[in-house]
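Below: final-v4.pdb (PDB, C-alpha atoms)
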ATOM      1  CA  MET A  12       0.000   0.000   0.000
ATOM      2  CA  TRP A  13       1.362   3.389  -0.912
ATOM      3  CA  THR A  14       0.125   6.844  -1.790
ATOM      4  CA  CYS A  15       0.752   8.375  -5.213
ATOM      5  CA  ASN A  16       2.390  11.743  -4.544
ATOM      6  CA  ASN A  17       0.785  13.682  -7.358
ATOM      7  CA  GLN A  18      -2.775  12.404  -6.892
ATOM      8  CA  ARG A  19      -2.913  11.558  -3.174
ATOM      9  CA  LYS A  20      -4.564   8.227  -3.947
ATOM     10  CA  GLY A  21      -3.860   5.028  -2.059
ATOM     11  CA  CYS A  22      -2.762   2.124  -4.250
ATOM     12  CA  MET A  23      -2.389  -1.543  -3.431
ATOM     13  CA  ALA A  24      -0.488  -4.085  -5.507
ATOM     14  CA  ILE A  25      -0.978  -7.777  -4.794
ATOM     15  CA  THR A  26       1.509 -10.239  -6.222
ATOM     16  CA  THR A  27       1.211 -13.984  -6.079
ATOM     17  CA  HIS A  28       4.157 -16.375  -6.089
ATOM     18  CA  PHE A  29       3.729 -20.038  -6.915
ATOM     19  CA  VAL A  30       5.558 -23.089  -8.212
ATOM     20  CA  ASP A  31       4.308 -24.290 -11.589
ATOM     21  CA  ASN A  32       4.035 -27.869 -12.886
ATOM     22  CA  GLU A  33       7.705 -27.792 -13.938
ATOM     23  CA  TRP A  34       8.750 -26.700 -10.418
ATOM     24  CA  ALA A  35       9.731 -23.225 -11.586
ATOM     25  CA  LEU A  36       8.947 -20.261  -9.343
ATOM     26  CA  GLN A  37       6.417 -17.917 -10.940
ATOM     27  CA  SER A  38       5.282 -14.424  -9.882
ATOM     28  CA  ARG A  39       2.244 -12.517 -11.129
ATOM     29  CA  ILE A  40       0.653  -9.214 -10.181
ATOM     30  CA  ILE A  41      -2.985 -10.190  -9.717
ATOM     31  CA  ARG A  42      -4.352  -6.869  -8.521
ATOM     32  CA  PHE A  43      -3.287  -3.251  -8.748
ATOM     33  CA  ALA A  44      -6.051  -1.132  -7.332
ATOM     34  CA  HIS A  45      -6.992   2.213  -5.875
ATOM     35  CA  VAL A  46      -8.058   1.766  -2.247
ATOM     36  CA  GLN A  47     -10.507   4.320  -0.859
ATOM     37  CA  CYS A  48      -9.675   6.202   2.336
ATOM     38  CA  PRO A  49      -9.406   5.656   5.215
ATOM     39  CA  HIS A  50      -6.655   3.060   4.867
ATOM     40  CA  THR A  51      -7.503   1.191   8.043
ATOM     41  CA  PHE A  52      -6.565  -2.419   8.641
ATOM     42  CA  VAL A  53     -10.201  -3.417   8.025
ATOM     43  CA  VAL A  54     -10.290  -1.638   4.632
ATOM     44  CA  LEU A  55      -6.946  -3.184   3.612
ATOM     45  CA  ALA A  56      -8.018  -6.651   4.758
ATOM     46  CA  ASP A  57     -11.242  -6.329   2.749
ATOM     47  CA  ALA A  58      -9.294  -5.251  -0.356
ATOM     48  CA  MET A  59      -6.933  -8.197   0.044
ATOM     49  CA  MET A  60      -9.771 -10.671   0.620
ATOM     50  CA  ASP A  61     -11.705  -9.349  -2.383
ATOM     51  CA  CYS A  62      -8.684 -10.120  -4.547
ATOM     52  CA  ILE A  63      -8.180 -13.572  -3.026
ATOM     53  CA  LEU A  64     -11.836 -14.433  -3.559
ATOM     54  CA  ASP A  65     -11.965 -12.968  -7.087
ATOM     55  CA  TRP A  66      -9.080 -15.250  -8.072
ATOM     56  CA  HIS A  67     -10.504 -18.241  -6.127
ATOM     57  CA  LEU A  68      -7.328 -18.498  -4.058
ATOM     58  CA  GLU A  69      -8.966 -18.861  -0.643
ATOM     59  CA  LYS A  70      -7.826 -22.510  -0.342
ATOM     60  CA  LYS A  71      -4.437 -21.899  -1.981
ATOM     61  CA  VAL A  72      -2.968 -19.036   0.066
ATOM     62  CA  SER A  73      -0.301 -20.344   2.391
ATOM     63  CA  ALA A  74       1.429 -17.122   3.491
ATOM     64  CA  SER A  75       1.297 -13.347   3.123
ATOM     65  CA  THR A  76       4.375 -11.146   2.912
ATOM     66  CA  VAL A  77       3.843  -7.483   3.815
ATOM     67  CA  ASP A  78       5.964  -4.705   5.236
ATOM     68  CA  ASN A  79       6.016  -4.001   8.954
ATOM     69  CA  CYS A  80       3.547  -1.172   9.363
ATOM     70  CA  SER A  81       1.046  -1.543  12.186
ATOM     71  CA  THR A  82      -1.910  -1.493   9.779
ATOM     72  CA  ASN A  83      -0.555  -4.560   7.983
ATOM     73  CA  ASN A  84       0.122  -6.284  11.290
ATOM     74  CA  ALA A  85      -3.493  -5.694  12.311
ATOM     75  CA  MET A  86      -5.015  -6.851   8.999
ATOM     76  CA  ILE A  87      -3.366 -10.287   9.047
ATOM     77  CA  PRO A  88      -5.632 -11.787  11.778
ATOM     78  CA  ILE A  89      -8.708 -10.582   9.868
ATOM     79  CA  ILE A  90      -7.535 -12.319   6.700
ATOM     80  CA  LEU A  91      -6.609 -15.465   8.630
ATOM     81  CA  ASP A  92     -10.091 -15.599  10.173
ATOM     82  CA  LYS A  93     -11.597 -15.623   6.681
ATOM     83  CA  LEU A  94      -9.302 -18.322   5.280
ATOM     84  CA  SER A  95      -9.295 -22.029   5.843
ATOM     85  CA  ARG A  96      -6.488 -22.786   8.297
ATOM     86  CA  ASP A  97      -5.894 -26.058   6.418
ATOM     87  CA  SER A  98      -4.503 -24.119   3.452
ATOM     88  CA  THR A  99      -1.849 -22.267   5.462
ATOM     89  CA  PHE A 100       1.466 -23.455   6.885
ATOM     90  CA  LEU A 101       1.115 -24.798  10.425
ATOM     91  CA  ASN A 102      -2.545 -23.715  10.624
ATOM     92  CA  GLY A 103      -1.668 -20.088  10.010
ATOM     93  CA  GLU A 104       1.225 -19.792  12.472
ATOM     94  CA  MET A 105       3.564 -18.981   9.554
ATOM     95  CA  PHE A 106       1.048 -16.947   7.546
ATOM     96  CA  HIS A 107       2.443 -13.490   8.304
ATOM     97  CA  MET A 108       5.847 -13.226   6.648
ATOM     98  CA  ARG A 109       7.537  -9.917   7.210
ATOM     99  CA  CYS A 110       9.251  -8.478   4.144
ATOM    100  CA  SER A 111      12.999  -8.937   4.575
ATOM    101  CA  ALA A 112      13.734  -6.221   1.988
ATOM    102  CA  HIS A 113      11.686  -3.749   4.039
ATOM    103  CA  ILE A 114      13.473  -4.799   7.241
ATOM    104  CA  LEU A 115      16.869  -4.430   5.532
ATOM    105  CA  ASN A 116      15.813  -0.989   4.258
ATOM    106  CA  LEU A 117      14.899   0.080   7.806
ATOM    107  CA  VAL A 118      18.232  -1.183   9.184
ATOM    108  CA  VAL A 119      20.285   0.503   6.453
ATOM    109  CA  ASN A 120      18.428   3.797   6.807
ATOM    110  CA  GLU A 121      18.926   3.710  10.574
ATOM    111  CA  GLY A 122      22.649   3.249   9.969
ATOM    112  CA  LEU A 123      22.697   6.019   7.378
ATOM    113  CA  ASP A 124      21.188   8.433   9.912
ATOM    114  CA  VAL A 125      24.716   8.746  11.336
ATOM    115  CA  ILE A 126      25.847  10.419   8.117
ATOM    116  CA  ASN A 127      22.501  12.043   7.292
ATOM    117  CA  ASP A 128      23.920  15.589   7.092
ATOM    118  CA  THR A 129      26.512  14.478   4.531
ATOM    119  CA  ILE A 130      23.892  12.603   2.502
ATOM    120  CA  ASP A 131      21.639  15.677   2.523
ATOM    121  CA  ARG A 132      24.516  17.842   1.273
ATOM    122  CA  ILE A 133      25.271  15.364  -1.514
ATOM    123  CA  ARG A 134      21.573  15.279  -2.489
ATOM    124  CA  GLY A 135      21.510  19.088  -2.441
ATOM    125  CA  SER A 136      24.598  19.230  -4.624
ATOM    126  CA  VAL A 137      23.203  16.710  -7.122
ATOM    127  CA  SER A 138      19.924  18.622  -7.138
ATOM    128  CA  TYR A 139      21.780  21.879  -7.810
ATOM    129  CA  TRP A 140      23.989  20.549 -10.627
ATOM    130  CA  SER A 141      21.152  18.677 -12.326
ATOM    131  CA  GLY A 142      18.671  21.516 -11.748
ATOM    132  CA  SER A 143      19.132  23.064 -15.174
ATOM    133  CA  PRO A 144      20.701  22.020 -18.483
ATOM    134  CA  LYS A 145      23.235  24.873 -18.206
ATOM    135  CA  ARG A 146      24.454  23.757 -14.748
ATOM    136  CA  GLU A 147      24.583  20.121 -15.816
ATOM    137  CA  GLU A 148      26.663  21.065 -18.867
ATOM    138  CA  LYS A 149      29.007  23.108 -16.637
ATOM    139  CA  PHE A 150      29.402  20.101 -14.332
ATOM    140  CA  LEU A 151      30.181  17.784 -17.272
ATOM    141  CA  GLU A 152      32.588  20.359 -18.714
ATOM    142  CA  THR A 153      34.429  20.467 -15.394
ATOM    143  CA  VAL A 154      34.595  16.675 -15.262
ATOM    144  CA  ARG A 155      36.148  16.677 -18.765
ATOM    145  CA  GLU A 156      38.586  19.516 -17.896
ATOM    146  CA  LEU A 157      39.759  17.603 -14.841
ATOM    147  CA  GLU A 158      40.139  14.466 -16.999
ATOM    148  CA  ILE A 159      37.893  12.405 -14.778
ATOM    149  CA  VAL A 160      36.834   9.257 -16.578
ATOM    150  CA  SER A 161      33.240   8.382 -15.787
ATOM    151  CA  THR A 162      30.220   7.182 -17.716
ATOM    152  CA  LYS A 163      27.855   7.993 -14.849
ATOM    153  CA  LYS A 164      25.298  10.778 -14.782
ATOM    154  CA  LEU A 165      24.071  12.732 -11.796
ATOM    155  CA  ALA A 166      20.823  11.255 -10.511
ATOM    156  CA  LEU A 167      18.895  11.814  -7.321
ATOM    157  CA  ASP A 168      18.120   8.689  -5.380
ATOM    158  CA  CYS A 169      14.751   7.868  -3.893
ATOM    159  CA  LYS A 170      14.858   8.520  -0.133
ATOM    160  CA  THR A 171      12.570   5.552   0.567
ATOM    161  CA  ARG A 172      14.764   3.028  -1.222
ATOM    162  CA  TYR A 173      18.306   1.880  -0.675
ATOM    163  CA  ALA A 174      19.266   1.552  -4.318
ATOM    164  CA  ILE A 175      22.056   3.492  -5.932
ATOM    165  CA  SER A 176      21.677   2.014  -9.400
ATOM    166  CA  GLN A 177      23.396   4.891 -11.214
ATOM    167  CA  TRP A 178      26.565   4.317  -9.195
ATOM    168  CA  GLY A 179      26.253   0.544  -8.927
ATOM    169  CA  THR A 180      29.312  -0.205 -11.060
ATOM    170  CA  SER A 181      31.431   2.741  -9.920
ATOM    171  CA  THR A 182      34.200   2.311  -7.464
ATOM    172  CA  VAL A 183      34.112   4.300  -4.262
ATOM    173  CA  GLU A 184      37.434   5.806  -5.308
ATOM    174  CA  GLU A 185      35.993   7.010  -8.642
ATOM    175  CA  ILE A 186      33.110   8.758  -6.909
ATOM    176  CA  ARG A 187      35.396  10.233  -4.238
ATOM    177  CA  LEU A 188      37.841  11.613  -6.818
ATOM    178  CA  MET A 189      35.045  13.134  -8.871
ATOM    179  CA  ALA A 190      33.530  14.846  -5.824
ATOM    180  CA  LEU A 191      36.922  16.165  -4.642
ATOM    181  CA  ALA A 192      37.837  17.496  -8.074
ATOM    182  CA  VAL A 193      34.545  19.330  -8.484
ATOM    183  CA  ALA A 194      34.769  20.662  -4.898
ATOM    184  CA  GLN A 195      38.233  22.097  -5.623
ATOM    185  CA  LYS A 196      37.021  23.726  -8.832
ATOM    186  CA  PHE A 197      34.011  25.376  -7.199
ATOM    187  CA  ASP A 198      34.544  26.924  -3.773
ATOM    188  CA  SER A 199      30.788  27.253  -3.194
ATOM    189  CA  TYR A 200      30.228  23.531  -3.828
TER     190      TYR A 200
END
Rewrite the structure of this file - the entire thing - as structure tokens.
Amino acid sequence: MWTCNNQRKGCMAITTHFVDNEWALQSRIIRFAHVQCPHTFVVLADAMMDCILDWHLEKKVSASTVDNCSTNNAMIPIILDKLSRDSTFLNGEMFHMRCSAHILNLVVNEGLDVINDTIDRIRGSVSYWSGSPKREEKFLETVRELEIVSTKKLALDCKTRYAISQWGTSTVEEIRLMALAVAQKFDSY
């Protein structure tokens, strides 16, 4: 469940994972829907159950993986009450699977809080240099003048995700040298 920033609408995506007849893991998005406010645990549980029933999965659902927000924690018992316990692992004791990617994201962001001021300055700098075509060209010109070899472009990350895909193949040294060179060129950097 998330809220679209530009429209302020709550959206829910439901993905199913299953093993096919050839024992290959399959994943399918079976519902992507707008969920009316308020986004209470009862409303979310109803939206989830509607999807499960529409797809006739009520006897095939063995577990549910959601992030760790309190609303999700509260909706799980409602869903379990509406499902046959025979279809779940250990009669539903293993039904609620917490999303390990979400947990890892929380841990990493907690660790990054230590260097939050530095990260904010880097984001501000990237925002400044990529804020107009003229500034971006000046940045690239400086990179060329300083003979810094890089195929990367400036890109703002998403604060809610720990994914630095633009820099994924760069070495830490390459990024450090680029930042130092630009900092020396521009005192106000």
Output of the PyMOL selection byres ((chain A and resi 72) around 12), listed as a CSV table (one decimal) with C-alpha atoms, in the frame of the given file:
chain,number,residue,atom,x,y,z
A,26,THR,CA,1.5,-10.2,-6.2
A,27,THR,CA,1.2,-14.0,-6.1
A,28,HIS,CA,4.2,-16.4,-6.1
A,29,PHE,CA,3.7,-20.0,-6.9
A,59,MET,CA,-6.9,-8.2,0.0
A,60,MET,CA,-9.8,-10.7,0.6
A,62,CYS,CA,-8.7,-10.1,-4.5
A,63,ILE,CA,-8.2,-13.6,-3.0
A,64,LEU,CA,-11.8,-14.4,-3.6
A,66,TRP,CA,-9.1,-15.2,-8.1
A,67,HIS,CA,-10.5,-18.2,-6.1
A,68,LEU,CA,-7.3,-18.5,-4.1
A,69,GLU,CA,-9.0,-18.9,-0.6
A,70,LYS,CA,-7.8,-22.5,-0.3
A,71,LYS,CA,-4.4,-21.9,-2.0
A,73,SER,CA,-0.3,-20.3,2.4
A,74,ALA,CA,1.4,-17.1,3.5
A,75,SER,CA,1.3,-13.3,3.1
A,76,THR,CA,4.4,-11.1,2.9
A,90,ILE,CA,-7.5,-12.3,6.7
A,91,LEU,CA,-6.6,-15.5,8.6
A,93,LYS,CA,-11.6,-15.6,6.7
A,94,LEU,CA,-9.3,-18.3,5.3
A,95,SER,CA,-9.3,-22.0,5.8
A,96,ARG,CA,-6.5,-22.8,8.3
A,97,ASP,CA,-5.9,-26.1,6.4
A,98,SER,CA,-4.5,-24.1,3.5
A,99,THR,CA,-1.8,-22.3,5.5
A,100,PHE,CA,1.5,-23.5,6.9
A,102,ASN,CA,-2.5,-23.7,10.6
A,103,GLY,CA,-1.7,-20.1,10.0
A,105,MET,CA,3.6,-19.0,9.6
A,106,PHE,CA,1.0,-16.9,7.5
A,107,HIS,CA,2.4,-13.5,8.3
Residue among A:Leu123, A:Val30, A:Leu188, A:Ile41 lying closest to A:Val160, counting only C-alpha atoms: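 Checking each of A:Leu123, A:Val30, A:Leu188, A:Ile41 against A:Val160, counting only C-alpha atoms, the winner is A:Leu188.
For the residues A:Cys48, A:Thr14, A:Arg19, A:Leu167, ranking by smallest atom-to-atom distance to A:Ile130 using only C-alpha atoms places A:Leu167 first.
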Please determine, counting all atoms listed in the file, which residue among A:Asn83, A:Val53, A:Ala24, A:Leu117 has the shortest atom-to-atom distance to A:Ile40.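 Ranking A:Asn83, A:Val53, A:Ala24, A:Leu117 by distance to A:Ile40, first place goes to A:Ala24.
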Determine the residue membership of the PyMOL selection byres ((chain A and resi 164) around 10) for the file above and supply it as a list of chain:residue names. A:Val137, A:Ser141, A:Glu147, A:Leu151, A:Ser161, A:Thr162, A:Lys163, A:Leu165, A:Ala166, A:Leu167, A:Gln177, A:Trp178
Å distance separating atom CA of A:Asp92 from atom CA of A:Ala56, one decimal place: 10.7 Å
Dig up all the protein and nucleic acid residues within 8 Å of (-5.9, 0.2, 10.9) in the file frame, using only C-alpha atoms, and format them as a list in words. His50, Thr51, Phe52, Val53, Val54, Ser81, Thr82, Asn83, Ala85 and Met86 of chain A
Please determine, counting only C-alpha atoms, which residue among A:Leu55, A:Val46, A:Leu191, A:Leu157 has the shortest atom-to-atom distance to A:Pro88. A:Leu55
Which residues fall under the PyMOL selection byres ((chain A and resi 12) around 6) in this file, as a PyMOL selection string? chain A and resi 13+22-23
Can you write just those residues out, C-alpha atoms, as a compact mmCIF listing (two decimals), in the frame of the given file?
# COMPACT_ATOMS: atom_id res chain seq x y z
CA TRP A 13 1.36 3.39 -0.91
CA CYS A 22 -2.76 2.12 -4.25
CA MET A 23 -2.39 -1.54 -3.43
What does the structure give for the distance between atom CA of A:Asn79 and atom CA of A:Leu115, in Å to one decimal?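 Answer for the atom CA of A:Asn79 to atom CA of A:Leu115 separation: 11.4 Å.
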May I ask for the distance between atom CA of A:Lys20 and atom CA of A:Val77, given in Å to one decimal place?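 Rounded to one decimal, the two atoms are 19.4 Å apart.
Compared by their closest atoms to A:Ser138, and using only C-alpha atoms, the residues A:Asn32, A:Met108, A:Phe150, A:His113 rank with A:Phe150 nearest.
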Show me that you can extract stretch 27-59 of chain A, keeping N, CA and C atoms, and write it as a PDB file, in the first residue's frame.
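Result written to out-v5.pdb:
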ATOM      1  N   THR A  27       1.232 -12.592  -6.522  1.00  0.00           N
ATOM      2  CA  THR A  27       1.211 -13.984  -6.079  1.00  0.00           C
ATOM      3  C   THR A  27       2.470 -14.681  -6.563  1.00  0.00           C
ATOM      4  N   HIS A  28       2.985 -15.566  -5.748  1.00  0.00           N
ATOM      5  CA  HIS A  28       4.157 -16.375  -6.089  1.00  0.00           C
ATOM      6  C   HIS A  28       3.731 -17.835  -5.969  1.00  0.00           C
ATOM      7  N   PHE A  29       4.101 -18.630  -6.942  1.00  0.00           N
ATOM      8  CA  PHE A  29       3.729 -20.038  -6.915  1.00  0.00           C
ATOM      9  C   PHE A  29       4.730 -20.855  -7.713  1.00  0.00           C
ATOM     10  N   VAL A  30       4.704 -22.154  -7.481  1.00  0.00           N
ATOM     11  CA  VAL A  30       5.558 -23.089  -8.212  1.00  0.00           C
ATOM     12  C   VAL A  30       4.679 -23.768  -9.258  1.00  0.00           C
ATOM     13  N   ASP A  31       5.116 -23.699 -10.517  1.00  0.00           N
ATOM     14  CA  ASP A  31       4.308 -24.290 -11.589  1.00  0.00           C
ATOM     15  C   ASP A  31       4.549 -25.797 -11.705  1.00  0.00           C
ATOM     16  N   ASN A  32       3.935 -26.412 -12.706  1.00  0.00           N
ATOM     17  CA  ASN A  32       4.035 -27.869 -12.886  1.00  0.00           C
ATOM     18  C   ASN A  32       5.449 -28.336 -13.189  1.00  0.00           C
ATOM     19  N   GLU A  33       6.307 -27.443 -13.667  1.00  0.00           N
ATOM     20  CA  GLU A  33       7.705 -27.792 -13.938  1.00  0.00           C
ATOM     21  C   GLU A  33       8.619 -27.405 -12.765  1.00  0.00           C
ATOM     22  N   TRP A  34       8.043 -27.072 -11.642  1.00  0.00           N
ATOM     23  CA  TRP A  34       8.750 -26.700 -10.418  1.00  0.00           C
ATOM     24  C   TRP A  34       9.543 -25.408 -10.567  1.00  0.00           C
ATOM     25  N   ALA A  35       9.092 -24.530 -11.428  1.00  0.00           N
ATOM     26  CA  ALA A  35       9.731 -23.225 -11.586  1.00  0.00           C
ATOM     27  C   ALA A  35       8.920 -22.183 -10.811  1.00  0.00           C
ATOM     28  N   LEU A  36       9.618 -21.316 -10.095  1.00  0.00           N
ATOM     29  CA  LEU A  36       8.947 -20.261  -9.343  1.00  0.00           C
ATOM     30  C   LEU A  36       8.368 -19.239 -10.311  1.00  0.00           C
ATOM     31  N   GLN A  37       7.114 -18.894 -10.114  1.00  0.00           N
ATOM     32  CA  GLN A  37       6.417 -17.917 -10.940  1.00  0.00           C
ATOM     33  C   GLN A  37       5.912 -16.783 -10.045  1.00  0.00           C
ATOM     34  N   SER A  38       5.827 -15.588 -10.595  1.00  0.00           N
ATOM     35  CA  SER A  38       5.282 -14.424  -9.882  1.00  0.00           C
ATOM     36  C   SER A  38       4.367 -13.672 -10.832  1.00  0.00           C
ATOM     37  N   ARG A  39       3.208 -13.270 -10.320  1.00  0.00           N
ATOM     38  CA  ARG A  39       2.244 -12.517 -11.129  1.00  0.00           C
ATOM     39  C   ARG A  39       1.593 -11.440 -10.269  1.00  0.00           C
ATOM     40  N   ILE A  40       1.458 -10.247 -10.832  1.00  0.00           N
ATOM     41  CA  ILE A  40       0.653  -9.214 -10.181  1.00  0.00           C
ATOM     42  C   ILE A  40      -0.795  -9.549 -10.512  1.00  0.00           C
ATOM     43  N   ILE A  41      -1.591  -9.815  -9.476  1.00  0.00           N
ATOM     44  CA  ILE A  41      -2.985 -10.190  -9.717  1.00  0.00           C
ATOM     45  C   ILE A  41      -3.962  -9.056  -9.410  1.00  0.00           C
ATOM     46  N   ARG A  42      -3.482  -8.014  -8.783  1.00  0.00           N
ATOM     47  CA  ARG A  42      -4.352  -6.869  -8.521  1.00  0.00           C
ATOM     48  C   ARG A  42      -3.485  -5.643  -8.318  1.00  0.00           C
ATOM     49  N   PHE A  43      -3.865  -4.574  -8.975  1.00  0.00           N
ATOM     50  CA  PHE A  43      -3.287  -3.251  -8.748  1.00  0.00           C
ATOM     51  C   PHE A  43      -4.489  -2.328  -8.683  1.00  0.00           C
ATOM     52  N   ALA A  44      -4.776  -1.821  -7.500  1.00  0.00           N
ATOM     53  CA  ALA A  44      -6.051  -1.132  -7.332  1.00  0.00           C
ATOM     54  C   ALA A  44      -5.928   0.109  -6.466  1.00  0.00           C
ATOM     55  N   HIS A  45      -6.818   1.044  -6.726  1.00  0.00           N
ATOM     56  CA  HIS A  45      -6.992   2.213  -5.875  1.00  0.00           C
ATOM     57  C   HIS A  45      -7.807   1.760  -4.662  1.00  0.00           C
ATOM     58  N   VAL A  46      -7.350   2.116  -3.477  1.00  0.00           N
ATOM     59  CA  VAL A  46      -8.058   1.766  -2.247  1.00  0.00           C
ATOM     60  C   VAL A  46      -8.575   3.064  -1.623  1.00  0.00           C
ATOM     61  N   GLN A  47      -9.881   3.126  -1.412  1.00  0.00           N
ATOM     62  CA  GLN A  47     -10.507   4.320  -0.859  1.00  0.00           C
ATOM     63  C   GLN A  47     -10.032   4.573   0.579  1.00  0.00           C
ATOM     64  N   CYS A  48      -9.991   5.817   0.959  1.00  0.00           N
ATOM     65  CA  CYS A  48      -9.675   6.202   2.336  1.00  0.00           C
ATOM     66  C   CYS A  48     -10.868   5.892   3.232  1.00  0.00           C
ATOM     67  N   PRO A  49     -10.679   5.697   4.486  1.00  0.00           N
ATOM     68  CA  PRO A  49      -9.406   5.656   5.215  1.00  0.00           C
ATOM     69  C   PRO A  49      -8.731   4.300   5.011  1.00  0.00           C
ATOM     70  N   HIS A  50      -7.418   4.286   5.080  1.00  0.00           N
ATOM     71  CA  HIS A  50      -6.655   3.060   4.867  1.00  0.00           C
ATOM     72  C   HIS A  50      -6.454   2.319   6.187  1.00  0.00           C
ATOM     73  N   THR A  51      -7.552   1.928   6.785  1.00  0.00           N
ATOM     74  CA  THR A  51      -7.503   1.191   8.043  1.00  0.00           C
ATOM     75  C   THR A  51      -7.197  -0.273   7.770  1.00  0.00           C
ATOM     76  N   PHE A  52      -6.862  -1.002   8.810  1.00  0.00           N
ATOM     77  CA  PHE A  52      -6.565  -2.419   8.641  1.00  0.00           C
ATOM     78  C   PHE A  52      -7.784  -3.193   8.137  1.00  0.00           C
ATOM     79  N   VAL A  53      -8.985  -2.753   8.499  1.00  0.00           N
ATOM     80  CA  VAL A  53     -10.201  -3.417   8.025  1.00  0.00           C
ATOM     81  C   VAL A  53     -10.378  -3.193   6.518  1.00  0.00           C
ATOM     82  N   VAL A  54     -10.170  -1.963   6.055  1.00  0.00           N
ATOM     83  CA  VAL A  54     -10.290  -1.638   4.632  1.00  0.00           C
ATOM     84  C   VAL A  54      -9.252  -2.416   3.822  1.00  0.00           C
ATOM     85  N   LEU A  55      -8.003  -2.458   4.320  1.00  0.00           N
ATOM     86  CA  LEU A  55      -6.946  -3.184   3.612  1.00  0.00           C
ATOM     87  C   LEU A  55      -7.215  -4.686   3.596  1.00  0.00           C
ATOM     88  N   ALA A  56      -7.688  -5.219   4.706  1.00  0.00           N
ATOM     89  CA  ALA A  56      -8.018  -6.651   4.758  1.00  0.00           C
ATOM     90  C   ALA A  56      -9.137  -6.974   3.777  1.00  0.00           C
ATOM     91  N   ASP A  57     -10.144  -6.115   3.702  1.00  0.00           N
ATOM     92  CA  ASP A  57     -11.242  -6.329   2.749  1.00  0.00           C
ATOM     93  C   ASP A  57     -10.734  -6.295   1.314  1.00  0.00           C
ATOM     94  N   ALA A  58      -9.846  -5.345   1.004  1.00  0.00           N
ATOM     95  CA  ALA A  58      -9.294  -5.251  -0.356  1.00  0.00           C
ATOM     96  C   ALA A  58      -8.495  -6.506  -0.697  1.00  0.00           C
ATOM     97  N   MET A  59      -7.721  -6.979   0.257  1.00  0.00           N
ATOM     98  CA  MET A  59      -6.933  -8.197   0.044  1.00  0.00           C
ATOM     99  C   MET A  59      -7.842  -9.408  -0.134  1.00  0.00           C
TER     100      MET A  59
END
